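input_30.pdb follows (PDB, C-alpha atoms):
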ATOM      1  CA  MET A   1     -67.058   2.906-101.144
ATOM      2  CA  LYS A   2     -65.869   6.423-100.440
ATOM      3  CA  PHE A   3     -67.758   9.686-100.573
ATOM      4  CA  SER A   4     -66.918  13.275 -99.937
ATOM      5  CA  VAL A   5     -69.380  15.666 -98.354
ATOM      6  CA  THR A   6     -68.893  19.412 -98.532
ATOM      7  CA  VAL A   7     -70.966  21.550 -96.204
ATOM      8  CA  ILE A   8     -71.249  25.275 -96.737
ATOM      9  CA  LEU A   9     -73.322  28.086 -95.262
ATOM     10  CA  LYS A  10     -76.334  29.033 -97.382
ATOM     11  CA  LYS A  11     -75.890  32.161 -99.476
ATOM     12  CA  ASP A  12     -78.078  34.380 -97.309
ATOM     13  CA  VAL A  13     -76.250  33.433 -94.097
ATOM     14  CA  LEU A  14     -73.417  35.722 -93.080
ATOM     15  CA  ASP A  15     -70.034  33.971 -93.246
ATOM     16  CA  PRO A  16     -67.705  36.194 -91.184
ATOM     17  CA  GLN A  17     -64.811  33.714 -91.347
ATOM     18  CA  GLY A  18     -64.935  33.607 -95.141
ATOM     19  CA  LYS A  19     -65.048  37.410 -95.180
ATOM     20  CA  VAL A  20     -61.939  37.699 -92.984
ATOM     21  CA  VAL A  21     -60.048  35.170 -95.115
ATOM     22  CA  GLN A  22     -61.099  37.068 -98.225
ATOM     23  CA  ASN A  23     -59.966  40.426 -96.804
ATOM     24  CA  THR A  24     -56.622  38.958 -95.758
ATOM     25  CA  LEU A  25     -55.991  37.501 -99.216
ATOM     26  CA  MET A  26     -56.883  40.858-100.761
ATOM     27  CA  ASN A  27     -54.357  42.505 -98.438
ATOM     28  CA  LEU A  28     -51.816  40.022 -99.818
ATOM     29  CA  GLY A  29     -52.380  41.449-103.271
ATOM     30  CA  MET A  30     -54.994  39.058-104.711
ATOM     31  CA  ASP A  31     -56.796  41.918-106.402
ATOM     32  CA  ASN A  32     -59.053  39.885-108.665
ATOM     33  CA  LEU A  33     -60.512  37.835-105.786
ATOM     34  CA  LYS A  34     -64.306  38.085-105.971
ATOM     35  CA  SER A  35     -65.573  36.119-102.956
ATOM     36  CA  ILE A  36     -64.765  33.348-100.502
ATOM     37  CA  ARG A  37     -67.175  31.150 -98.560
ATOM     38  CA  GLN A  38     -65.688  28.874 -95.919
ATOM     39  CA  GLY A  39     -67.131  25.401 -95.311
ATOM     40  CA  LYS A  40     -66.449  21.887 -94.003
ATOM     41  CA  PHE A  41     -65.322  18.739 -95.755
ATOM     42  CA  PHE A  42     -65.974  15.125 -94.684
ATOM     43  CA  GLU A  43     -64.474  11.998 -96.219
ATOM     44  CA  ILE A  44     -66.789   9.046 -95.535
ATOM     45  CA  GLU A  45     -66.115   5.381 -96.203
ATOM     46  CA  ILE A  46     -69.060   2.987 -96.315
ATOM     47  CA  ASP A  47     -69.037  -0.806 -96.281
ATOM     48  CA  GLU A  48     -71.634  -1.201 -99.069
ATOM     49  CA  LYS A  49     -71.283  -2.262-102.697
ATOM     50  CA  ASN A  50     -74.491  -0.751-104.072
ATOM     51  CA  GLN A  51     -73.791   2.900-104.813
ATOM     52  CA  ASP A  52     -77.414   4.047-104.497
ATOM     53  CA  ILE A  53     -77.804   2.487-101.051
ATOM     54  CA  ALA A  54     -74.432   3.840 -99.930
ATOM     55  CA  GLN A  55     -75.269   7.327-101.139
ATOM     56  CA  GLN A  56     -78.642   7.194 -99.374
ATOM     57  CA  LYS A  57     -76.838   6.317 -96.146
ATOM     58  CA  VAL A  58     -74.500   9.292 -96.530
ATOM     59  CA  ASP A  59     -77.480  11.521 -97.223
ATOM     60  CA  GLU A  60     -79.115  10.259 -94.015
ATOM     61  CA  MET A  61     -75.898  11.037 -92.089
ATOM     62  CA  CYS A  62     -75.946  14.571 -93.455
ATOM     63  CA  LYS A  63     -79.559  15.155 -92.493
ATOM     64  CA  LYS A  64     -79.273  13.562 -89.044
ATOM     65  CA  LEU A  65     -76.030  15.100 -87.842
ATOM     66  CA  LEU A  66     -73.465  16.510 -90.238
ATOM     67  CA  VAL A  67     -75.500  19.406 -91.586
ATOM     68  CA  ASN A  68     -77.613  22.043 -89.878
ATOM     69  CA  LEU A  69     -80.228  22.457 -92.593
ATOM     70  CA  ILE A  70     -81.374  25.813 -91.256
ATOM     71  CA  ILE A  71     -78.113  27.492 -92.210
ATOM     72  CA  GLU A  72     -76.090  25.026 -94.272
ATOM     73  CA  GLU A  73     -76.320  23.191 -97.586
ATOM     74  CA  TYR A  74     -74.313  20.143 -98.675
ATOM     75  CA  LYS A  75     -73.081  18.217-101.666
ATOM     76  CA  ILE A  76     -72.233  14.509-101.788
ATOM     77  CA  SER A  77     -69.742  13.186-104.359
ATOM     78  CA  LYS A  78     -68.317   9.716-104.906
ATOM     79  CA  ILE A  79     -64.512   9.604-104.722
TER
ATOM     80  CA  MET B  80     -89.756  21.779 -56.816
ATOM     81  CA  LYS B  81     -87.528  19.134 -58.389
ATOM     82  CA  SER B  82     -84.880  20.034 -60.899
ATOM     83  CA  SER B  83     -82.408  18.028 -62.981
ATOM     84  CA  VAL B  84     -79.218  19.428 -64.463
ATOM     85  CA  ILE B  85     -77.963  17.445 -67.465
ATOM     86  CA  VAL B  86     -74.177  17.103 -67.542
ATOM     87  CA  PHE B  87     -72.155  16.479 -70.709
ATOM     88  CA  PRO B  88     -68.410  16.089 -71.141
ATOM     89  CA  GLY B  89     -67.306  19.717 -71.448
ATOM     90  CA  SER B  90     -70.197  21.279 -69.494
ATOM     91  CA  ASN B  91     -68.634  23.894 -67.217
ATOM     92  CA  CYS B  92     -71.553  25.848 -65.757
ATOM     93  CA  ASP B  93     -73.280  22.766 -64.306
ATOM     94  CA  ARG B  94     -72.022  23.374 -60.750
ATOM     95  CA  ASP B  95     -72.924  27.070 -60.893
ATOM     96  CA  ILE B  96     -76.501  26.373 -61.939
ATOM     97  CA  ALA B  97     -76.774  23.555 -59.375
ATOM     98  CA  ASP B  98     -75.605  25.942 -56.618
ATOM     99  CA  ALA B  99     -78.095  28.558 -57.782
ATOM    100  CA  LEU B 100     -80.958  26.038 -57.833
ATOM    101  CA  VAL B 101     -80.132  24.700 -54.355
ATOM    102  CA  LYS B 102     -79.792  28.230 -53.000
ATOM    103  CA  MET B 103     -83.256  28.951 -54.411
ATOM    104  CA  GLN B 104     -84.644  25.850 -52.600
ATOM    105  CA  PHE B 105     -84.933  23.497 -55.592
ATOM    106  CA  LYS B 106     -84.340  19.801 -54.917
ATOM    107  CA  ASN B 107     -81.691  19.289 -57.549
ATOM    108  CA  GLN B 108     -80.108  16.221 -59.150
ATOM    109  CA  MET B 109     -77.243  16.013 -61.601
ATOM    110  CA  VAL B 110     -77.936  13.681 -64.551
ATOM    111  CA  TRP B 111     -75.082  12.303 -66.657
ATOM    112  CA  HIS B 112     -75.718  12.354 -70.407
ATOM    113  CA  LYS B 113     -75.399   8.554 -70.719
ATOM    114  CA  GLU B 114     -78.396   7.974 -68.456
ATOM    115  CA  THR B 115     -81.499   6.722 -70.188
ATOM    116  CA  ASN B 116     -83.870   7.490 -67.328
ATOM    117  CA  LEU B 117     -84.596  11.001 -66.256
ATOM    118  CA  PRO B 118     -85.526  11.435 -62.580
ATOM    119  CA  LYS B 119     -88.999  12.917 -62.068
ATOM    120  CA  SER B 120     -88.446  16.633 -62.599
ATOM    121  CA  ASP B 121     -90.457  19.831 -62.728
ATOM    122  CA  LEU B 122     -87.528  21.614 -64.345
ATOM    123  CA  ILE B 123     -84.739  20.339 -66.582
ATOM    124  CA  VAL B 124     -81.698  22.573 -67.030
ATOM    125  CA  ILE B 125     -79.184  22.173 -69.834
ATOM    126  CA  PRO B 126     -76.178  24.124 -68.588
ATOM    127  CA  GLY B 127     -73.545  26.229 -70.288
ATOM    128  CA  GLY B 128     -70.105  25.079 -71.319
ATOM    129  CA  PHE B 129     -68.453  23.535 -74.322
ATOM    130  CA  SER B 130     -70.089  20.113 -74.603
ATOM    131  CA  TYR B 131     -67.870  17.809 -76.674
ATOM    132  CA  GLY B 132     -65.468  20.684 -77.264
ATOM    133  CA  ASP B 133     -67.951  22.291 -79.670
ATOM    134  CA  TYR B 134     -66.974  19.605 -82.212
ATOM    135  CA  LEU B 135     -68.894  19.726 -85.521
ATOM    136  CA  ARG B 136     -71.155  22.606 -84.336
ATOM    137  CA  SER B 137     -71.818  23.933 -80.837
ATOM    138  CA  GLY B 138     -74.320  21.577 -79.210
ATOM    139  CA  ALA B 139     -74.564  19.205 -82.200
ATOM    140  CA  ILE B 140     -73.134  16.105 -80.512
ATOM    141  CA  ALA B 141     -74.812  16.719 -77.148
ATOM    142  CA  GLY B 142     -78.075  17.186 -79.043
ATOM    143  CA  LYS B 143     -77.905  13.503 -80.076
ATOM    144  CA  SER B 144     -76.873  12.041 -76.705
ATOM    145  CA  LEU B 145     -78.768   9.251 -74.936
ATOM    146  CA  ILE B 146     -80.515  11.382 -72.301
ATOM    147  CA  ILE B 147     -81.823  13.826 -74.925
ATOM    148  CA  ASP B 148     -84.648  11.501 -76.003
ATOM    149  CA  GLU B 149     -85.904  11.621 -72.414
ATOM    150  CA  VAL B 150     -85.547  15.414 -72.310
ATOM    151  CA  ILE B 151     -87.557  15.710 -75.542
ATOM    152  CA  ARG B 152     -90.228  13.369 -74.184
ATOM    153  CA  ALA B 153     -90.493  15.323 -70.910
ATOM    154  CA  ALA B 154     -90.528  18.685 -72.733
ATOM    155  CA  ASN B 155     -93.317  17.531 -75.039
ATOM    156  CA  ALA B 156     -95.275  16.421 -71.967
ATOM    157  CA  GLY B 157     -95.023  19.953 -70.596
ATOM    158  CA  CYS B 158     -91.988  19.775 -68.280
ATOM    159  CA  LEU B 159     -90.171  23.109 -67.939
ATOM    160  CA  VAL B 160     -86.823  23.167 -69.757
ATOM    161  CA  LEU B 161     -84.198  25.889 -69.416
ATOM    162  CA  GLY B 162     -81.154  25.964 -71.692
ATOM    163  CA  ILE B 163     -78.453  28.466 -70.872
ATOM    164  CA  CYS B 164     -75.692  29.384 -73.330
ATOM    165  CA  ASN B 165     -74.438  26.019 -74.663
ATOM    166  CA  GLY B 166     -77.758  24.689 -73.323
ATOM    167  CA  PHE B 167     -79.582  27.050 -75.719
ATOM    168  CA  GLN B 168     -77.370  25.828 -78.570
ATOM    169  CA  ILE B 169     -78.164  22.210 -77.630
ATOM    170  CA  LEU B 170     -81.922  22.922 -77.523
ATOM    171  CA  THR B 171     -81.803  24.319 -81.068
ATOM    172  CA  GLU B 172     -79.866  21.237 -82.234
ATOM    173  CA  THR B 173     -82.537  18.938 -80.741
ATOM    174  CA  GLY B 174     -85.280  20.896 -82.509
ATOM    175  CA  LEU B 175     -87.024  21.767 -79.218
ATOM    176  CA  LEU B 176     -86.325  25.391 -80.089
ATOM    177  CA  GLN B 177     -86.241  26.652 -83.656
ATOM    178  CA  GLY B 178     -83.402  28.602 -85.248
ATOM    179  CA  THR B 179     -79.718  28.319 -84.527
ATOM    180  CA  LEU B 180     -76.781  30.204 -82.999
ATOM    181  CA  LEU B 181     -74.131  31.348 -85.421
ATOM    182  CA  ARG B 182     -70.630  32.526 -84.700
ATOM    183  CA  ASN B 183     -70.562  36.038 -83.181
ATOM    184  CA  LYS B 184     -70.619  38.655 -85.916
ATOM    185  CA  HIS B 185     -67.190  40.065 -85.032
ATOM    186  CA  LEU B 186     -65.652  36.595 -84.536
ATOM    187  CA  LYS B 187     -64.717  37.300 -80.929
ATOM    188  CA  PHE B 188     -65.489  35.331 -77.807
ATOM    189  CA  ILE B 189     -67.401  37.825 -75.654
ATOM    190  CA  ASN B 190     -67.309  37.617 -71.869
ATOM    191  CA  LYS B 191     -68.901  40.652 -70.264
ATOM    192  CA  ASP B 192     -71.892  41.919 -68.350
ATOM    193  CA  ILE B 193     -74.463  43.261 -70.807
ATOM    194  CA  ASN B 194     -78.017  44.600 -70.534
ATOM    195  CA  ILE B 195     -81.084  42.694 -71.602
ATOM    196  CA  LYS B 196     -84.731  43.674 -71.561
ATOM    197  CA  VAL B 197     -87.569  41.434 -70.358
ATOM    198  CA  MET B 198     -89.938  41.256 -73.349
ATOM    199  CA  ASN B 199     -92.563  38.884 -71.953
ATOM    200  CA  ASN B 200     -93.285  38.481 -68.238
ATOM    201  CA  LYS B 201     -96.382  36.341 -68.638
ATOM    202  CA  THR B 202     -94.482  33.059 -68.548
ATOM    203  CA  LYS B 203     -93.428  30.607 -65.869
ATOM    204  CA  PHE B 204     -89.805  31.721 -66.305
ATOM    205  CA  THR B 205     -90.273  35.474 -66.094
ATOM    206  CA  SER B 206     -93.401  36.252 -64.039
ATOM    207  CA  LYS B 207     -91.424  37.884 -61.210
ATOM    208  CA  TYR B 208     -89.841  40.418 -63.559
ATOM    209  CA  LYS B 209     -91.542  43.592 -64.708
ATOM    210  CA  ILE B 210     -92.262  43.944 -68.403
ATOM    211  CA  ASN B 211     -89.464  45.916 -70.125
ATOM    212  CA  GLN B 212     -87.309  45.557 -66.992
ATOM    213  CA  ILE B 213     -83.627  46.015 -67.804
ATOM    214  CA  LEU B 214     -81.307  43.392 -66.339
ATOM    215  CA  LYS B 215     -77.531  43.320 -66.197
ATOM    216  CA  ILE B 216     -76.407  39.772 -66.910
ATOM    217  CA  ASN B 217     -73.143  38.138 -67.926
ATOM    218  CA  ILE B 218     -72.662  36.615 -71.365
ATOM    219  CA  ALA B 219     -69.726  34.364 -72.258
ATOM    220  CA  HIS B 220     -69.926  32.857 -75.713
ATOM    221  CA  ASN B 221     -68.461  32.542 -79.177
ATOM    222  CA  GLU B 222     -71.644  31.405 -80.950
ATOM    223  CA  GLY B 223     -74.524  33.530 -79.695
ATOM    224  CA  ASN B 224     -75.649  35.136 -82.908
ATOM    225  CA  TYR B 225     -79.284  33.998 -83.107
ATOM    226  CA  PHE B 226     -80.496  33.219 -86.623
ATOM    227  CA  THR B 227     -83.790  31.869 -87.874
ATOM    228  CA  ASN B 228     -85.860  31.923 -91.053
ATOM    229  CA  SER B 229     -88.064  34.929 -91.723
ATOM    230  CA  LYS B 230     -91.304  32.962 -91.224
ATOM    231  CA  HIS B 231     -90.271  31.808 -87.755
ATOM    232  CA  LEU B 232     -88.984  35.283 -86.885
ATOM    233  CA  GLU B 233     -92.396  36.766 -87.733
ATOM    234  CA  GLU B 234     -94.068  34.038 -85.702
ATOM    235  CA  ILE B 235     -92.003  34.611 -82.542
ATOM    236  CA  LYS B 236     -92.569  38.369 -82.796
ATOM    237  CA  LYS B 237     -96.306  37.937 -83.294
ATOM    238  CA  GLU B 238     -96.728  35.268 -80.618
ATOM    239  CA  ASN B 239     -94.585  37.159 -78.104
ATOM    240  CA  LEU B 240     -92.022  34.353 -77.884
ATOM    241  CA  ILE B 241     -88.980  36.593 -77.557
ATOM    242  CA  ALA B 242     -87.969  36.364 -73.900
ATOM    243  CA  PHE B 243     -85.092  38.847 -73.776
ATOM    244  CA  GLN B 244     -83.484  41.328 -76.158
ATOM    245  CA  TYR B 245     -80.042  42.902 -75.840
ATOM    246  CA  CYS B 246     -80.281  46.602 -75.036
ATOM    247  CA  ASP B 247     -78.212  49.444 -73.599
ATOM    248  CA  GLU B 248     -78.431  50.763 -70.029
ATOM    249  CA  LYS B 249     -81.394  52.919 -70.971
ATOM    250  CA  GLY B 250     -83.210  50.070 -72.677
ATOM    251  CA  ASN B 251     -82.549  51.064 -76.302
ATOM    252  CA  ILE B 252     -82.560  48.052 -78.593
ATOM    253  CA  ASN B 253     -80.353  48.803 -81.599
ATOM    254  CA  ASN B 254     -77.188  47.761 -83.425
ATOM    255  CA  ASP B 255     -74.952  49.438 -80.854
ATOM    256  CA  SER B 256     -76.501  47.403 -78.056
ATOM    257  CA  ASN B 257     -76.277  44.130 -80.004
ATOM    258  CA  PRO B 258     -73.105  42.335 -78.841
ATOM    259  CA  ASN B 259     -73.088  39.411 -81.263
ATOM    260  CA  GLY B 260     -75.177  40.219 -84.344
ATOM    261  CA  SER B 261     -78.327  38.352 -83.217
ATOM    262  CA  MET B 262     -81.449  38.932 -85.310
ATOM    263  CA  GLU B 263     -83.658  41.525 -83.587
ATOM    264  CA  ASN B 264     -81.113  41.619 -80.711
ATOM    265  CA  ILE B 265     -82.564  38.302 -79.509
ATOM    266  CA  ALA B 266     -80.932  37.022 -76.297
ATOM    267  CA  GLY B 267     -83.512  34.358 -75.450
ATOM    268  CA  ILE B 268     -86.645  32.728 -76.894
ATOM    269  CA  PHE B 269     -89.519  30.495 -75.795
ATOM    270  CA  ASN B 270     -91.119  27.631 -77.698
ATOM    271  CA  SER B 271     -94.752  28.118 -78.678
ATOM    272  CA  LYS B 272     -96.063  26.493 -75.460
ATOM    273  CA  LYS B 273     -93.687  28.654 -73.411
ATOM    274  CA  ASN B 274     -92.459  25.697 -71.335
ATOM    275  CA  ILE B 275     -88.987  25.861 -72.909
ATOM    276  CA  LEU B 276     -86.645  28.840 -72.612
ATOM    277  CA  GLY B 277     -83.271  29.109 -74.327
ATOM    278  CA  MET B 278     -81.053  32.067 -73.484
ATOM    279  CA  MET B 279     -77.436  33.050 -74.048
ATOM    280  CA  PRO B 280     -76.978  35.179 -70.858
ATOM    281  CA  HIS B 281     -76.146  33.403 -67.584
ATOM    282  CA  PRO B 282     -78.760  34.110 -64.858
ATOM    283  CA  GLU B 283     -77.020  31.598 -62.547
ATOM    284  CA  ARG B 284     -74.051  33.986 -62.356
ATOM    285  CA  MET B 285     -76.251  36.803 -61.049
ATOM    286  CA  ILE B 286     -77.648  35.518 -57.787
ATOM    287  CA  ASP B 287     -75.234  36.966 -55.229
ATOM    288  CA  LYS B 288     -74.336  40.598 -54.575
ATOM    289  CA  LEU B 289     -70.947  39.540 -53.284
ATOM    290  CA  ILE B 290     -69.710  38.458 -56.718
ATOM    291  CA  SER B 291     -72.060  40.203 -59.171
ATOM    292  CA  ASN B 292     -75.661  41.299 -58.729
ATOM    293  CA  THR B 293     -79.005  39.619 -58.108
ATOM    294  CA  ASP B 294     -80.690  40.229 -61.474
ATOM    295  CA  GLY B 295     -80.907  36.473 -62.120
ATOM    296  CA  VAL B 296     -82.742  35.632 -58.900
ATOM    297  CA  ASN B 297     -86.223  36.410 -60.213
ATOM    298  CA  LEU B 298     -85.895  33.889 -63.019
ATOM    299  CA  PHE B 299     -85.562  31.131 -60.427
ATOM    300  CA  SER B 300     -88.184  32.577 -58.068
ATOM    301  CA  SER B 301     -90.601  32.830 -61.037
ATOM    302  CA  LEU B 302     -90.134  29.107 -61.597
ATOM    303  CA  LEU B 303     -90.872  28.367 -57.939
ATOM    304  CA  ASN B 304     -94.056  30.386 -58.037
TER
END
Any chance you could give the structure as structure tokens?
Amino acid sequence: MKFSVTVILKKDVLDPQGKVVQNTLMNLGMDNLKSIRQGKFFEIEIDEKNQDIAQQKVDEMCKKLLVNLIIEEYKISKI
Amino acid sequence: MKSSVIVFPGSNCDRDIADALVKMQFKNQMVWHKETNLPKSDLIVIPGGFSYGDYLRSGAIAGKSLIIDEVIRAANAGCLVLGICNGFQILTETGLLQGTLLRNKHLKFINKDINIKVMNNKTKFTSKYKINQILKINIAHNEGNYFTNSKHLEEIKKENLIAFQYCDEKGNINNDSNPNGSMENIAGIFNSKKNILGMMPHPERMIDKLISNTDGVNLFSSLLN
């Protein structure tokens, strides 16, 4: 079973990389660009048939290592 | 006084801190991160560098290594723990220190000698400094922008847990003297029991007039006191 996890900085945490990417795109003429936040993406495969159990495991992985909960938030999706 | 320096793949200030400790008369041992037993120590140092190539987040992988359980156990039992630069990042990842270190505000790796002010000299790490003393110490980091939640920030201000703040040569603490965007110009903090210090500047690089200055010496002599 495969899951995707996206990790992104919380809204009130400054994201200087996203800002630089945004400014560069605006310099390239993307005038209607409103905002960009840069994050991380993980593709995780789990050897488990029960989706609830598998998703719980992924959630545990996020909390234990993949995400710094002080500054980041995450979303798990089945793929 | 016995000290242990924890070494991870990618640590690169481990020899410098070991030299500084030996020069200051500590009996030092190097401890590889795969060890599960920590030698009896009065001081544990987590050195600077780029443990695990800063993969995932600076300090995240090192913060889950085998020896860390022992470091946490010793720290909770009152052992002195000093984390410098990547060591500070690792301590925040273990939860021994609260908050985290974000990418520098201007996205640049900064390697230069900056000024910091001693904000609390009533601790085992800083007793030989004068309060408000201005030190010139080297910083070399890409993620030194200290961030924490507003509740914890209030707590460390109220409890006097800010060890050092970035300042200018005259001691002014403001945006111009903040090299990396840290909240409140924070360069180093203590835990609530004040037996753990995390700091971005490198005191081990400031122990010899021949190559720099001696502003770091008193941190080590405080510990020996």
Output as a tab-separated table one row per residue of chain A within 12 Å of chain B: the closest atom pair and its distance in Å to one decimal place, counting all atoms listed in the file, sorted by chain and residue number ascending.
residue	atom	partner	partner_atom	distance
A:Val7	CA	B:Leu135	CA	11.0
A:Leu9	CA	B:Leu181	CA	10.4
A:Lys10	CA	B:Asn228	CA	11.8
A:Asp12	CA	B:Asn228	CA	10.3
A:Val13	CA	B:Phe226	CA	8.6
A:Leu14	CA	B:Lys184	CA	8.2
A:Asp15	CA	B:Arg182	CA	8.7
A:Pro16	CA	B:Lys184	CA	6.5
A:Gln17	CA	B:Leu186	CA	7.4
A:Gly18	CA	B:Leu186	CA	11.0
A:Lys19	CA	B:Leu186	CA	10.7
A:Val20	CA	B:Leu186	CA	9.3
A:Gly39	CA	B:Leu135	CA	11.5
A:Lys40	CA	B:Leu135	CA	9.1
A:Phe41	CA	B:Leu135	CA	10.9
A:Phe42	CA	B:Leu135	CA	10.7
A:Cys62	CA	B:Leu135	CA	11.8
A:Lys63	CA	B:Glu172	CA	11.9
A:Lys64	CA	B:Lys143	CA	9.1
A:Leu65	CA	B:Ala139	CA	7.1
A:Leu66	CA	B:Leu135	CA	7.3
A:Val67	CA	B:Leu135	CA	9.0
A:Asn68	CA	B:Glu172	CA	8.0
A:Leu69	CA	B:Thr179	CA	10.0
A:Ile70	CA	B:Gly178	CA	6.9
A:Ile71	CA	B:Thr179	CA	7.9
A:Glu72	CA	B:Thr179	CA	10.9
Resolved residues for the PyMOL selection byres ((chain B and resi 292) around 12) as a list in words: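 This file gives the following for the PyMOL selection byres ((chain B and resi 292) around 12): Asp192, Leu214, Lys215, Ile216, Asn217, His281, Pro282, Glu283, Arg284, Met285, Ile286, Asp287, Lys288, Leu289, Ile290, Ser291, Thr293, Asp294, Gly295, Val296 and Asn297 of chain B.
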Distance of CA of Val124 (chain B) from CA of Ser83 (chain B), expressed in Å to one decimal place: 6.1 Å
What would the selection look like, as a list in words, if the PyMOL selection byres ((chain B and resi 194) around 7) were run on the coordinates I just shared? Ile193, Ile195, Lys196, Ile213, Leu214, Lys215, Ile216, Tyr245, Cys246, Asp247 and Glu248 of chain B
Would you list the residues near (-74.4, 27.1, -60.8), meaning any protein, DNA or RNA residue with an atom at most 10 Å from that point in file coordinates, counting all atoms listed in the file, as a short mmCIF file (atom, residue, chain, number, x, y, z; two decimals) with C-alpha atoms, keeping the file's coordinate frame?
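Output below, filename point-v4.cif:
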data_model
loop_
_atom_site.label_atom_id
_atom_site.label_comp_id
_atom_site.auth_asym_id
_atom_site.auth_seq_id
_atom_site.Cartn_x
_atom_site.Cartn_y
_atom_site.Cartn_z
CA VAL B 84 -79.22 19.43 -64.46
CA ASN B 91 -68.63 23.89 -67.22
CA CYS B 92 -71.55 25.85 -65.76
CA ASP B 93 -73.28 22.77 -64.31
CA ARG B 94 -72.02 23.37 -60.75
CA ASP B 95 -72.92 27.07 -60.89
CA ILE B 96 -76.50 26.37 -61.94
CA ALA B 97 -76.77 23.56 -59.38
CA ASP B 98 -75.60 25.94 -56.62
CA ALA B 99 -78.10 28.56 -57.78
CA LEU B 100 -80.96 26.04 -57.83
CA VAL B 101 -80.13 24.70 -54.36
CA LYS B 102 -79.79 28.23 -53.00
CA PRO B 126 -76.18 24.12 -68.59
CA GLY B 127 -73.54 26.23 -70.29
CA HIS B 281 -76.15 33.40 -67.58
CA PRO B 282 -78.76 34.11 -64.86
CA GLU B 283 -77.02 31.60 -62.55
CA ARG B 284 -74.05 33.99 -62.36
CA MET B 285 -76.25 36.80 -61.05
CA ILE B 286 -77.65 35.52 -57.79
#
Tell me which protein, DNA and RNA residues are within 8 Å of Lys2 (chain A), counting only C-alpha atoms, leaving out same-chain ones fewer than 6 positions away, and put them as a PyMOL selection string. chain A and resi 43-46+78-79
Taking (-73.7, 33.2, -75.0) in the coordinates of the supplied file, I want to know which residues reach to within 9 Å of it, counting all atoms listed in the file; could you give the answer as a compact mmCIF listing (two decimals) with C-alpha atoms, in the coordinates of the input?
# COMPACT_ATOMS: atom_id res chain seq x y z
CA GLY B 127 -73.54 26.23 -70.29
CA ILE B 163 -78.45 28.47 -70.87
CA CYS B 164 -75.69 29.38 -73.33
CA ASN B 165 -74.44 26.02 -74.66
CA PHE B 167 -79.58 27.05 -75.72
CA GLN B 168 -77.37 25.83 -78.57
CA PHE B 188 -65.49 35.33 -77.81
CA ILE B 189 -67.40 37.83 -75.65
CA ASN B 190 -67.31 37.62 -71.87
CA ASN B 217 -73.14 38.14 -67.93
CA ILE B 218 -72.66 36.62 -71.36
CA ALA B 219 -69.73 34.36 -72.26
CA HIS B 220 -69.93 32.86 -75.71
CA ASN B 221 -68.46 32.54 -79.18
CA GLU B 222 -71.64 31.40 -80.95
CA GLY B 223 -74.52 33.53 -79.69
CA ASN B 224 -75.65 35.14 -82.91
CA ASN B 259 -73.09 39.41 -81.26
CA ALA B 266 -80.93 37.02 -76.30
CA MET B 278 -81.05 32.07 -73.48
CA MET B 279 -77.44 33.05 -74.05
CA PRO B 280 -76.98 35.18 -70.86
CA HIS B 281 -76.15 33.40 -67.58
